[in-house]
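Reproduced below: coords.txt, with compact mmCIF, C-alpha atoms and all ligand atoms.
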# COMPACT_ATOMS: atom_id res chain seq x y z
CA MET A 1 -19.23 16.52 10.65
CA ILE A 2 -19.32 16.93 6.88
CA ASP A 3 -22.73 16.12 5.54
CA ARG A 4 -23.35 13.57 2.83
CA VAL A 5 -23.80 16.12 0.02
CA THR A 6 -20.56 17.93 0.88
CA LYS A 7 -18.71 14.63 1.14
CA ARG A 8 -20.06 13.55 -2.24
CA CYS A 9 -19.10 16.91 -3.70
CA PHE A 10 -15.46 16.72 -2.45
CA ALA A 11 -15.18 13.14 -3.54
CA SER A 12 -16.49 13.81 -7.02
CA ILE A 13 -14.10 16.77 -7.47
CA ALA A 14 -11.24 14.55 -6.30
CA VAL A 15 -12.29 11.76 -8.64
CA SER A 16 -12.71 14.06 -11.62
CA LEU A 17 -9.27 15.56 -11.01
CA GLY A 18 -7.82 12.07 -10.79
CA VAL A 19 -6.66 12.73 -7.21
CA VAL A 20 -5.72 9.61 -5.33
CA ILE A 21 -7.09 9.63 -1.78
CA PRO A 22 -4.64 7.83 0.51
CA SER A 23 -6.07 4.48 1.50
CA LEU A 24 -5.29 1.76 3.94
CA ALA A 25 -4.21 -0.55 1.18
CA ALA A 26 -1.65 1.83 -0.28
CA GLU A 27 1.14 -0.05 1.42
CA HIS A 28 -0.06 -3.42 0.13
CA ALA A 29 0.65 -5.23 -3.08
CA ALA A 30 -1.86 -4.62 -5.86
CA LEU A 31 -3.91 -7.38 -7.46
CA LYS A 32 -3.67 -5.70 -10.86
CA GLU A 33 0.13 -5.78 -10.62
CA ALA A 34 0.37 -9.31 -9.30
CA PHE A 35 -1.68 -10.72 -12.19
CA LYS A 36 -0.65 -8.32 -14.93
CA ASP A 37 0.86 -11.12 -17.03
CA ASN A 38 -2.22 -13.31 -16.55
CA PHE A 39 -5.53 -11.45 -16.63
CA ARG A 40 -7.15 -8.19 -15.62
CA VAL A 41 -8.49 -8.01 -12.08
CA GLY A 42 -11.60 -5.97 -11.39
CA THR A 43 -14.40 -5.12 -9.05
CA ALA A 44 -18.02 -4.06 -9.13
CA ILE A 45 -18.62 -0.48 -7.98
CA SER A 46 -21.88 0.43 -6.23
CA THR A 47 -24.00 3.50 -6.94
CA PRO A 48 -23.30 5.14 -3.53
CA GLN A 49 -19.58 4.54 -4.01
CA ILE A 50 -19.43 6.27 -7.38
CA LEU A 51 -21.60 9.12 -6.07
CA GLY A 52 -19.01 9.80 -3.39
CA ASP A 53 -20.20 8.06 -0.23
CA GLU A 54 -17.04 5.99 0.18
CA PRO A 55 -13.99 7.88 -1.12
CA ALA A 56 -11.59 5.45 0.58
CA ALA A 57 -13.23 2.52 -1.20
CA LEU A 58 -12.84 4.30 -4.55
CA ALA A 59 -9.19 4.99 -3.77
CA LEU A 60 -8.73 1.31 -3.03
CA VAL A 61 -10.34 0.45 -6.38
CA ALA A 62 -7.89 2.75 -8.19
CA GLN A 63 -4.96 1.18 -6.36
CA GLN A 64 -5.94 -2.48 -6.74
CA PHE A 65 -7.94 -2.98 -9.92
CA ASN A 66 -7.61 -2.35 -13.65
CA THR A 67 -11.19 -3.09 -14.70
CA ILE A 68 -14.55 -2.04 -13.25
CA THR A 69 -18.17 -3.11 -13.62
CA PRO A 70 -21.17 -1.19 -12.25
CA GLU A 71 -23.02 -3.28 -9.66
CA ASN A 72 -26.43 -1.73 -10.42
CA LEU A 73 -26.18 1.68 -12.02
CA LEU A 74 -26.45 0.59 -15.64
CA LYS A 75 -29.28 -1.85 -15.08
CA TRP A 76 -32.47 -0.91 -16.90
CA GLN A 77 -34.44 0.12 -13.80
CA GLU A 78 -31.66 2.48 -12.65
CA VAL A 79 -30.72 4.06 -15.94
CA HIS A 80 -34.09 4.05 -17.74
CA PRO A 81 -36.82 3.97 -15.08
CA GLN A 82 -39.61 5.42 -17.25
CA PRO A 83 -40.17 5.35 -21.03
CA ASP A 84 -38.95 8.93 -21.42
CA GLU A 85 -36.68 9.18 -18.43
CA PHE A 86 -32.99 8.35 -18.38
CA ASN A 87 -30.78 8.73 -15.36
CA PHE A 88 -27.16 8.87 -16.45
CA ASP A 89 -25.65 10.76 -13.53
CA ALA A 90 -24.05 7.78 -11.79
CA ALA A 91 -23.19 6.08 -15.10
CA ASP A 92 -21.37 9.18 -16.39
CA ARG A 93 -19.27 9.35 -13.21
CA PHE A 94 -18.58 5.64 -13.36
CA VAL A 95 -17.22 5.89 -16.90
CA GLU A 96 -15.21 9.04 -16.05
CA PHE A 97 -13.67 7.24 -13.08
CA GLY A 98 -12.65 4.31 -15.26
CA GLU A 99 -11.18 6.58 -17.91
CA LYS A 100 -9.23 8.70 -15.41
CA ASN A 101 -7.68 5.55 -14.03
CA GLY A 102 -6.99 3.93 -17.40
CA MET A 103 -9.26 0.98 -16.69
CA PHE A 104 -11.07 -1.51 -18.88
CA ILE A 105 -14.71 -0.49 -18.43
CA VAL A 106 -17.47 -3.09 -18.48
CA GLY A 107 -21.18 -2.31 -18.94
CA HIS A 108 -23.60 -4.53 -17.02
CA ASN A 109 -26.15 -5.20 -18.45
CA LEU A 110 -28.44 -4.56 -21.41
CA VAL A 111 -31.05 -7.33 -21.41
CA TRP A 112 -32.03 -9.23 -18.25
CA HIS A 113 -35.27 -10.54 -16.74
CA SER A 114 -34.52 -8.86 -13.41
CA GLN A 115 -34.23 -5.18 -12.39
CA THR A 116 -36.19 -4.24 -15.49
CA PRO A 117 -39.22 -1.99 -14.92
CA ALA A 118 -42.71 -3.44 -15.46
CA TRP A 119 -43.55 -0.85 -18.15
CA VAL A 120 -41.06 -2.44 -20.52
CA PHE A 121 -43.32 -5.49 -20.90
CA LYS A 122 -46.71 -3.74 -20.78
CA GLY A 123 -48.95 -3.30 -23.81
CA ASP A 124 -51.87 -0.92 -24.23
CA SER A 125 -54.56 -1.45 -21.62
CA ALA A 126 -56.54 -3.78 -23.84
CA LYS A 127 -53.79 -5.77 -25.59
CA PRO A 128 -50.75 -7.68 -24.36
CA LEU A 129 -47.44 -6.41 -25.70
CA ASP A 130 -46.47 -7.71 -29.13
CA ARG A 131 -43.07 -8.91 -30.37
CA GLU A 132 -42.39 -5.94 -32.66
CA THR A 133 -43.06 -3.33 -29.98
CA LEU A 134 -40.86 -5.09 -27.45
CA LEU A 135 -38.07 -5.45 -30.02
CA LYS A 136 -38.32 -1.71 -30.71
CA ARG A 137 -38.14 -0.98 -26.98
CA MET A 138 -35.10 -3.24 -26.64
CA GLN A 139 -33.38 -1.63 -29.61
CA SER A 140 -34.04 1.89 -28.49
CA HIS A 141 -32.86 1.16 -24.93
CA ILE A 142 -29.65 -0.41 -26.19
CA GLN A 143 -29.12 2.44 -28.64
CA SER A 144 -29.63 5.03 -25.90
CA VAL A 145 -27.46 3.37 -23.27
CA ALA A 146 -24.69 1.59 -25.20
CA GLY A 147 -24.82 4.39 -27.80
CA ARG A 148 -24.24 7.08 -25.19
CA PHE A 149 -21.00 5.39 -24.09
CA LYS A 150 -19.88 4.38 -27.57
CA GLY A 151 -16.10 4.05 -27.67
CA ARG A 152 -15.88 4.52 -23.89
CA ILE A 153 -17.41 1.38 -22.39
CA ASN A 154 -15.12 -1.38 -23.61
CA GLY A 155 -17.35 -4.42 -23.21
CA TRP A 156 -21.02 -5.14 -22.50
CA ASP A 157 -22.85 -7.97 -20.79
CA VAL A 158 -25.47 -7.91 -23.53
CA VAL A 159 -27.70 -10.70 -22.25
CA ASN A 160 -27.67 -11.81 -18.63
CA GLU A 161 -28.95 -15.15 -17.30
CA ALA A 162 -31.14 -16.34 -20.18
CA ILE A 163 -30.53 -20.04 -19.54
CA GLU A 164 -31.86 -22.23 -16.72
CA ASP A 165 -29.71 -24.73 -14.84
CA ASP A 166 -30.97 -27.64 -16.96
CA GLY A 167 -30.11 -25.83 -20.18
CA ALA A 168 -33.64 -24.74 -21.12
CA LEU A 169 -34.18 -21.14 -22.15
CA ARG A 170 -35.59 -19.20 -19.22
CA LYS A 171 -39.25 -18.34 -19.72
CA SER A 172 -38.62 -14.66 -19.18
CA LYS A 173 -40.86 -11.93 -20.57
CA TRP A 174 -38.21 -11.38 -23.23
CA GLN A 175 -38.42 -15.00 -24.34
CA GLN A 176 -42.21 -15.21 -24.04
CA ILE A 177 -43.01 -12.02 -25.93
CA ILE A 178 -40.23 -11.94 -28.53
CA GLY A 179 -39.32 -15.63 -28.83
CA ASP A 180 -36.00 -17.49 -28.58
CA ASP A 181 -34.29 -15.10 -30.98
CA PHE A 182 -34.42 -12.24 -28.46
CA ILE A 183 -30.81 -13.13 -27.62
CA GLU A 184 -29.50 -12.71 -31.16
CA LYS A 185 -31.49 -9.52 -31.59
CA ALA A 186 -29.94 -8.07 -28.42
CA PHE A 187 -26.43 -8.83 -29.70
CA GLN A 188 -27.21 -7.31 -33.09
CA PHE A 189 -28.61 -4.14 -31.55
CA ALA A 190 -25.61 -3.86 -29.22
CA HIS A 191 -23.22 -4.21 -32.13
CA GLU A 192 -25.09 -1.52 -34.07
CA ALA A 193 -24.99 0.80 -31.05
CA ASP A 194 -21.24 0.41 -30.53
CA PRO A 195 -19.45 -1.57 -33.25
CA LYS A 196 -16.14 -1.58 -31.36
CA ALA A 197 -17.40 -2.75 -27.96
CA GLU A 198 -16.83 -6.36 -26.96
CA LEU A 199 -20.09 -8.23 -26.42
CA TYR A 200 -20.63 -10.94 -23.82
CA TYR A 201 -23.16 -13.50 -22.64
CA ASN A 202 -23.12 -13.68 -18.81
CA ASP A 203 -24.64 -16.28 -16.47
CA TYR A 204 -24.37 -18.15 -13.13
CA ASN A 205 -24.10 -21.89 -12.29
CA GLU A 206 -22.09 -22.13 -15.44
CA TRP A 207 -20.46 -25.39 -14.35
CA LYS A 208 -23.73 -27.37 -14.43
CA PRO A 209 -23.70 -29.88 -17.31
CA GLY A 210 -27.03 -28.76 -18.83
CA LYS A 211 -25.96 -25.16 -18.75
CA ILE A 212 -22.54 -25.88 -20.24
CA LYS A 213 -24.21 -27.57 -23.20
CA ALA A 214 -26.70 -24.76 -23.72
CA ILE A 215 -24.15 -21.94 -23.44
CA LYS A 216 -21.85 -23.70 -25.91
CA LYS A 217 -24.76 -24.17 -28.31
CA LEU A 218 -25.74 -20.53 -27.97
CA VAL A 219 -22.22 -19.25 -28.72
CA GLN A 220 -21.89 -21.59 -31.70
CA LYS A 221 -25.27 -20.48 -33.03
CA LEU A 222 -24.42 -16.78 -32.78
CA LYS A 223 -21.08 -17.36 -34.45
CA SER A 224 -22.61 -19.45 -37.24
CA LYS A 225 -24.93 -16.53 -37.99
CA ASN A 226 -22.01 -14.09 -37.94
CA ILE A 227 -23.43 -12.34 -34.93
CA ARG A 228 -20.63 -10.82 -32.91
CA ILE A 229 -19.93 -12.32 -29.47
CA GLU A 230 -16.51 -11.90 -27.87
CA GLY A 231 -16.90 -13.56 -24.54
CA VAL A 232 -18.70 -15.67 -22.02
CA GLY A 233 -18.96 -14.30 -18.50
CA LEU A 234 -18.86 -16.86 -15.70
CA GLN A 235 -20.39 -15.06 -12.73
CA GLY A 236 -18.62 -17.01 -9.98
CA HIS A 237 -21.07 -16.66 -7.09
CA TRP A 238 -19.60 -19.67 -5.37
CA GLY A 239 -19.17 -21.06 -1.87
CA LEU A 240 -16.51 -22.66 0.31
CA ASP A 241 -17.27 -26.12 -1.03
CA TYR A 242 -19.07 -25.68 -4.35
CA PRO A 243 -18.44 -25.94 -7.18
CA SER A 244 -15.60 -28.43 -6.74
CA THR A 245 -12.19 -27.55 -8.14
CA GLN A 246 -12.77 -30.27 -10.77
CA GLU A 247 -15.99 -28.58 -11.82
CA ILE A 248 -14.19 -25.24 -12.12
CA GLU A 249 -11.42 -26.90 -14.12
CA SER A 250 -13.98 -28.54 -16.38
CA MET A 251 -15.49 -25.16 -17.27
CA PHE A 252 -12.21 -24.02 -18.74
CA ALA A 253 -11.93 -27.26 -20.67
CA GLU A 254 -15.54 -27.10 -21.90
CA TYR A 255 -15.73 -23.44 -22.87
CA GLY A 256 -12.04 -23.14 -23.67
CA ASP A 257 -12.23 -24.09 -27.34
CA LEU A 258 -15.27 -21.99 -28.25
CA GLY A 259 -13.08 -19.27 -29.71
CA VAL A 260 -14.35 -16.62 -27.29
CA LYS A 261 -12.76 -14.96 -24.28
CA LEU A 262 -13.69 -16.30 -20.87
CA MET A 263 -14.08 -14.03 -17.91
CA VAL A 264 -15.01 -14.53 -14.30
CA THR A 265 -17.37 -11.62 -13.89
CA GLU A 266 -18.88 -11.64 -10.39
CA LEU A 267 -16.60 -13.55 -8.06
CA ASP A 268 -17.54 -13.89 -4.40
CA LEU A 269 -17.39 -16.88 -2.05
CA THR A 270 -20.12 -16.90 0.57
CA VAL A 271 -19.04 -18.36 3.93
CA LEU A 272 -22.60 -18.57 5.29
CA PRO A 273 -24.85 -21.65 5.56
CA ASP A 274 -26.97 -22.41 2.53
CA PRO A 275 -30.64 -21.96 3.48
CA GLY A 276 -31.59 -24.76 1.10
CA LEU A 277 -31.27 -23.06 -2.30
CA ARG A 278 -28.17 -25.07 -3.25
CA GLY A 279 -26.13 -22.19 -4.57
CA GLY A 280 -26.68 -20.36 -7.80
CA ALA A 281 -27.47 -16.67 -7.99
CA ASP A 282 -31.10 -16.45 -9.00
CA VAL A 283 -32.01 -13.09 -7.48
CA ALA A 284 -35.69 -14.07 -7.34
CA ARG A 285 -35.03 -16.99 -4.99
CA ARG A 286 -35.00 -15.96 -1.35
CA ALA A 287 -35.18 -17.62 2.03
CA GLU A 288 -36.38 -16.45 5.44
CA MET A 289 -33.94 -15.86 8.27
CA ARG A 290 -33.93 -18.64 10.82
CA LYS A 291 -31.75 -19.81 13.66
CA GLY A 292 -28.26 -20.82 12.60
CA LEU A 293 -28.27 -18.99 9.26
CA ASP A 294 -26.27 -15.98 10.47
CA PRO A 295 -23.48 -17.43 12.60
CA TYR A 296 -20.76 -14.77 12.22
CA ARG A 297 -22.45 -11.51 13.19
CA ASP A 298 -19.60 -10.63 15.55
CA GLY A 299 -16.74 -11.53 13.26
CA LEU A 300 -15.33 -14.36 11.21
CA PRO A 301 -13.58 -17.05 13.28
CA GLU A 302 -9.93 -17.65 12.43
CA ASP A 303 -10.54 -21.16 11.09
CA VAL A 304 -13.21 -19.96 8.62
CA GLN A 305 -10.97 -17.06 7.61
CA ARG A 306 -8.30 -19.65 6.84
CA ARG A 307 -10.72 -21.90 4.92
CA LEU A 308 -11.76 -18.91 2.82
CA ALA A 309 -8.11 -18.06 2.13
CA GLU A 310 -7.32 -21.63 1.10
CA ARG A 311 -10.37 -21.87 -1.11
CA TYR A 312 -9.55 -18.58 -2.84
CA ALA A 313 -5.98 -19.79 -3.39
CA ALA A 314 -7.19 -23.09 -4.87
CA ILE A 315 -9.50 -21.20 -7.24
CA PHE A 316 -6.86 -18.68 -8.29
CA ARG A 317 -4.36 -21.45 -8.97
CA ILE A 318 -6.86 -22.76 -11.54
CA PHE A 319 -7.33 -19.26 -12.97
CA VAL A 320 -3.57 -18.78 -13.34
CA LYS A 321 -3.23 -22.20 -14.96
CA HIS A 322 -5.86 -21.24 -17.56
CA ALA A 323 -4.78 -17.63 -17.91
CA ASN A 324 -4.38 -18.03 -21.68
CA LYS A 325 -8.17 -18.42 -21.92
CA LEU A 326 -9.10 -16.06 -19.12
CA ASP A 327 -9.33 -12.37 -19.88
CA ARG A 328 -10.48 -11.01 -16.56
CA VAL A 329 -11.45 -11.84 -12.99
CA THR A 330 -13.89 -9.36 -11.44
CA PHE A 331 -14.98 -9.47 -7.80
CA TRP A 332 -18.61 -8.65 -7.04
CA GLY A 333 -17.88 -5.75 -4.72
CA VAL A 334 -14.91 -3.93 -3.20
CA HIS A 335 -15.31 -5.04 0.43
CA ASP A 336 -17.40 -7.38 2.57
CA GLY A 337 -19.74 -4.63 3.76
CA GLN A 338 -20.83 -3.92 0.18
CA SER A 339 -21.52 -7.51 -0.77
CA TRP A 340 -25.01 -8.38 -1.98
CA HIS A 341 -24.62 -11.62 0.02
CA ASN A 342 -25.40 -9.66 3.18
CA ASN A 343 -28.95 -9.50 1.80
CA TRP A 344 -29.24 -12.43 -0.57
CA PRO A 345 -30.58 -15.08 -0.38
CA VAL A 346 -31.45 -14.16 3.22
CA ARG A 347 -31.92 -10.53 4.21
CA GLY A 348 -29.80 -8.99 6.95
CA ARG A 349 -26.96 -11.47 7.39
CA THR A 350 -23.25 -10.74 7.85
CA ASP A 351 -21.16 -12.37 5.13
CA TYR A 352 -17.44 -12.22 4.33
CA PRO A 353 -17.13 -13.25 0.66
CA LEU A 354 -14.50 -10.81 -0.68
CA LEU A 355 -10.79 -10.03 -0.25
CA PHE A 356 -11.17 -6.78 1.72
CA ASP A 357 -12.96 -6.47 5.05
CA ARG A 358 -15.45 -3.82 6.14
CA GLN A 359 -12.61 -1.48 7.13
CA LEU A 360 -11.00 -2.00 3.69
CA HIS A 361 -8.16 -4.05 5.14
CA PRO A 362 -6.90 -6.90 3.01
CA LYS A 363 -7.89 -10.25 4.52
CA MET A 364 -5.91 -13.46 4.79
CA ALA A 365 -7.60 -14.42 1.49
CA PHE A 366 -6.01 -11.38 -0.18
CA ASP A 367 -2.52 -12.60 0.73
CA SER A 368 -3.27 -16.14 -0.33
CA VAL A 369 -4.56 -14.95 -3.70
CA ILE A 370 -1.52 -12.73 -4.30
CA GLN A 371 0.73 -15.67 -3.44
CA THR A 372 -0.74 -17.81 -6.22
CA GLN A 373 1.18 -15.58 -8.56
CA THR A 374 4.87 -15.07 -7.96
CA PRO A 375 5.84 -11.88 -9.75
CA VAL A 376 8.41 -12.39 -12.49
CA ARG A 377 11.70 -10.77 -11.44
CA LYS A 378 14.21 -9.75 -14.07
C1 LIG B 1 -27.10 -7.92 -7.63
C2 LIG B 1 -26.58 -6.67 -6.90
O1 LIG B 1 -25.32 -6.98 -6.34
C3 LIG B 1 -27.55 -6.24 -5.83
O2 LIG B 1 -27.14 -5.00 -5.26
C4 LIG B 1 -28.95 -6.10 -6.43
O3 LIG B 1 -29.87 -5.81 -5.39
C5 LIG B 1 -29.37 -7.37 -7.13
O4 LIG B 1 -28.41 -7.69 -8.12
N1 LIG B 1 -26.26 -11.67 -10.95
C6 LIG B 1 -26.00 -10.49 -11.60
C7 LIG B 1 -25.86 -9.26 -10.80
O5 LIG B 1 -25.80 -10.48 -12.82
O6 LIG B 1 -26.31 -8.13 -11.50
C8 LIG B 1 -26.57 -9.36 -9.47
O7 LIG B 1 -26.25 -8.19 -8.72
C9 LIG B 1 -26.16 -10.62 -8.75
C10 LIG B 1 -26.51 -11.84 -9.54
Could you take the file, read its structure, and then write that structure out as structure tokens?
Ligand code: XIL
Amino acid sequence: MIDRVTKRCFASIAVSLGVVIPSLAAEHAALKEAFKDNFRVGTAISTPQILGDEPAALALVAQQFNTITPENLLKWQEVHPQPDEFNFDAADRFVEFGEKNGMFIVGHNLVWHSQTPAWVFKGDSAKPLDRETLLKRMQSHIQSVAGRFKGRINGWDVVNEAIEDDGALRKSKWQQIIGDDFIEKAFQFAHEADPKAELYYNDYNEWKPGKIKAIKKLVQKLKSKNIRIEGVGLQGHWGLDYPSTQEIESMFAEYGDLGVKLMVTELDLTVLPDPGLRGGADVARRAEMRKGLDPYRDGLPEDVQRRLAERYAAIFRIFVKHANKLDRVTFWGVHDGQSWHNNWPVRGRTDYPLLFDRQLHPKMAFDSVIQTQTPVRK
């Protein structure tokens, strides 16, 4: 048995040499090829994957995708856990992997209310933190992280999830301590740190009417102030029956004439029962396990597999139709075993939201997605 450290070591040498490890999917069509005339196709990579725990998954990424996003490793708490401590090991490997494979590299994310250490929002023992100090902390974090990868990370989710479903600004610590302009400040700092990087606003439930209005207003405001914003990221944590295809269509119509790129940034379709949260992707909302919430522990029945495939096809047909506005479609994970849905919103379930199964085999949904695009033959 090779131990974990040795395995990581071999894998990282292989990755840094650009060696392709044969994978199960090698004989299958590639998503990046199938949609090359439409949009980029990407995946989120986990920290253990980039550190070498799953070489076959990384090989699959190289074979299938032309853009990557880090699932967690660039989030504040991972990369900057203490005021004077940065942890760039995984991030450096992630960027090297993307470069070796000629991929479009996305940074996720710079300013978010979640996965941000408590010290960021703490003042001196006696006083609460003031606006100026928090702005300085934000600027210096963005300068250190986006600045380190200047010219190498191609686009950044600058602000993540700042708007509530009804369109109100989320009362996050960022908003409470700095004020509503924390969003514009974040975009300005990101632009200063890397003037060539594309800058995005990213959120979930982006089909809800209140949110549509607020996101449009935000983009228009930034543009009217000449603050650079290149794109809006639509996370795409959806289910088998929500949002409806009409609601997905309407997003392209609504955001389509904003003059920014649209991208689906975190696509996954949960097949599990909703514990009562009615969708969304608010990481703070959780539910307890109870009977009936984890029905497919021993495998996904054929009929649900088929429903998932049909739903993916319906969604991709819309993506292809709006490809002129859509820059990229990124899945939130390489395979079902990696998906955050196994632990959110209920811990310890078995979900099947992606195109590759736990053994890295393409699922029926993979074939149905590929078939939405017939390659152009000359
Ligand atoms: C999730 C990760 O997938 C999990 O591993 C982590 O524990 C929590 O965050 N919206 C986002 C992503 O923007 O960063 C979140 O990722 C999922 C919801």
Item to check | Contact residues around A:Thr69 with all atoms listed in the file at 12 Å, ignoring same-chain residues under 5 positions, as an MDAnalysis selection string | outcome: chainID A and resid 41:47 50 61 74:75 91 94:95 97:98 103:109 153:157 264:267 328:334
Go ahead and save the residues from that selection, with C-alpha atoms, as a compact mmCIF listing (two decimals), in the frame of the given file.
# COMPACT_ATOMS: atom_id res chain seq x y z
CA VAL A 41 -8.49 -8.01 -12.08
CA GLY A 42 -11.60 -5.97 -11.39
CA THR A 43 -14.40 -5.12 -9.05
CA ALA A 44 -18.02 -4.06 -9.13
CA ILE A 45 -18.62 -0.48 -7.98
CA SER A 46 -21.88 0.43 -6.23
CA THR A 47 -24.00 3.50 -6.94
CA ILE A 50 -19.43 6.27 -7.38
CA VAL A 61 -10.34 0.45 -6.38
CA LEU A 74 -26.45 0.59 -15.64
CA LYS A 75 -29.28 -1.85 -15.08
CA ALA A 91 -23.19 6.08 -15.10
CA PHE A 94 -18.58 5.64 -13.36
CA VAL A 95 -17.22 5.89 -16.90
CA PHE A 97 -13.67 7.24 -13.08
CA GLY A 98 -12.65 4.31 -15.26
CA MET A 103 -9.26 0.98 -16.69
CA PHE A 104 -11.07 -1.51 -18.88
CA ILE A 105 -14.71 -0.49 -18.43
CA VAL A 106 -17.47 -3.09 -18.48
CA GLY A 107 -21.18 -2.31 -18.94
CA HIS A 108 -23.60 -4.53 -17.02
CA ASN A 109 -26.15 -5.20 -18.45
CA ILE A 153 -17.41 1.38 -22.39
CA ASN A 154 -15.12 -1.38 -23.61
CA GLY A 155 -17.35 -4.42 -23.21
CA TRP A 156 -21.02 -5.14 -22.50
CA ASP A 157 -22.85 -7.97 -20.79
CA VAL A 264 -15.01 -14.53 -14.30
CA THR A 265 -17.37 -11.62 -13.89
CA GLU A 266 -18.88 -11.64 -10.39
CA LEU A 267 -16.60 -13.55 -8.06
CA ARG A 328 -10.48 -11.01 -16.56
CA VAL A 329 -11.45 -11.84 -12.99
CA THR A 330 -13.89 -9.36 -11.44
CA PHE A 331 -14.98 -9.47 -7.80
CA TRP A 332 -18.61 -8.65 -7.04
CA GLY A 333 -17.88 -5.75 -4.72
CA VAL A 334 -14.91 -3.93 -3.20
Checklist entry - Could you name the residues that touch A:Ile163 at 7 Å or less, counting all atoms listed in the file, but leaving out those on the same chain fewer than 6 positions away, as a count of residues only? => result 3
Next on the checklist: Could you check the closest approach to A:His113 for each of A:Glu161, A:Glu99, A:Asp357, A:Asp84 and tell me which residue wins, using only C-alpha atoms?
Outcome noted: A:Glu161
Next on the checklist: When you count only C-alpha atoms and all ligand atoms, which of these residues is closest to ligand LIG 1 (chain B): A:Arg286, A:His361, A:Lys208, A:Lys291?
Outcome noted: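 That would be A:Arg286, the residue with the smallest distance to ligand LIG 1 (chain B).
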Checklist entry - Can you list, as a PyMOL selection string, every protein, DNA or RNA residue that comes within 7 Å of A:Gly280 when you count all atoms listed in the file, leaving out same-chain residues fewer than 6 positions away? => result chain A and resi 204-205+237
Next on the checklist: I'd like to know which of A:Gln115, A:Gln143, A:Asn226, A:Thr245 is closest to ligand LIG 1 (chain B), using all atoms listed in the file.
Outcome noted: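 Checking each of A:Gln115, A:Gln143, A:Asn226, A:Thr245 against ligand LIG 1 (chain B), counting all atoms listed in the file, the winner is A:Gln115.
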Item to check | Surrounding residues of A:Gly210 excluding itself and chain neighbours under 4 positions, 8 Å, all atoms listed in the file, as a list in words | outcome: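 Skipping anything fewer than 4 positions along the chain leaves Asp165, Asp166, Gly167 and Ala214 of chain A.
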Next on the checklist: Need the shell around A:Gln49: protein/DNA/RNA residues with any atom at most 10 Å away, counting all atoms listed in the file. Skip same-chain ones fewer than 6 positions apart. Format as a ChimeraX atom specification?
Outcome noted: /A:8,11,55-58,90,94,334,338
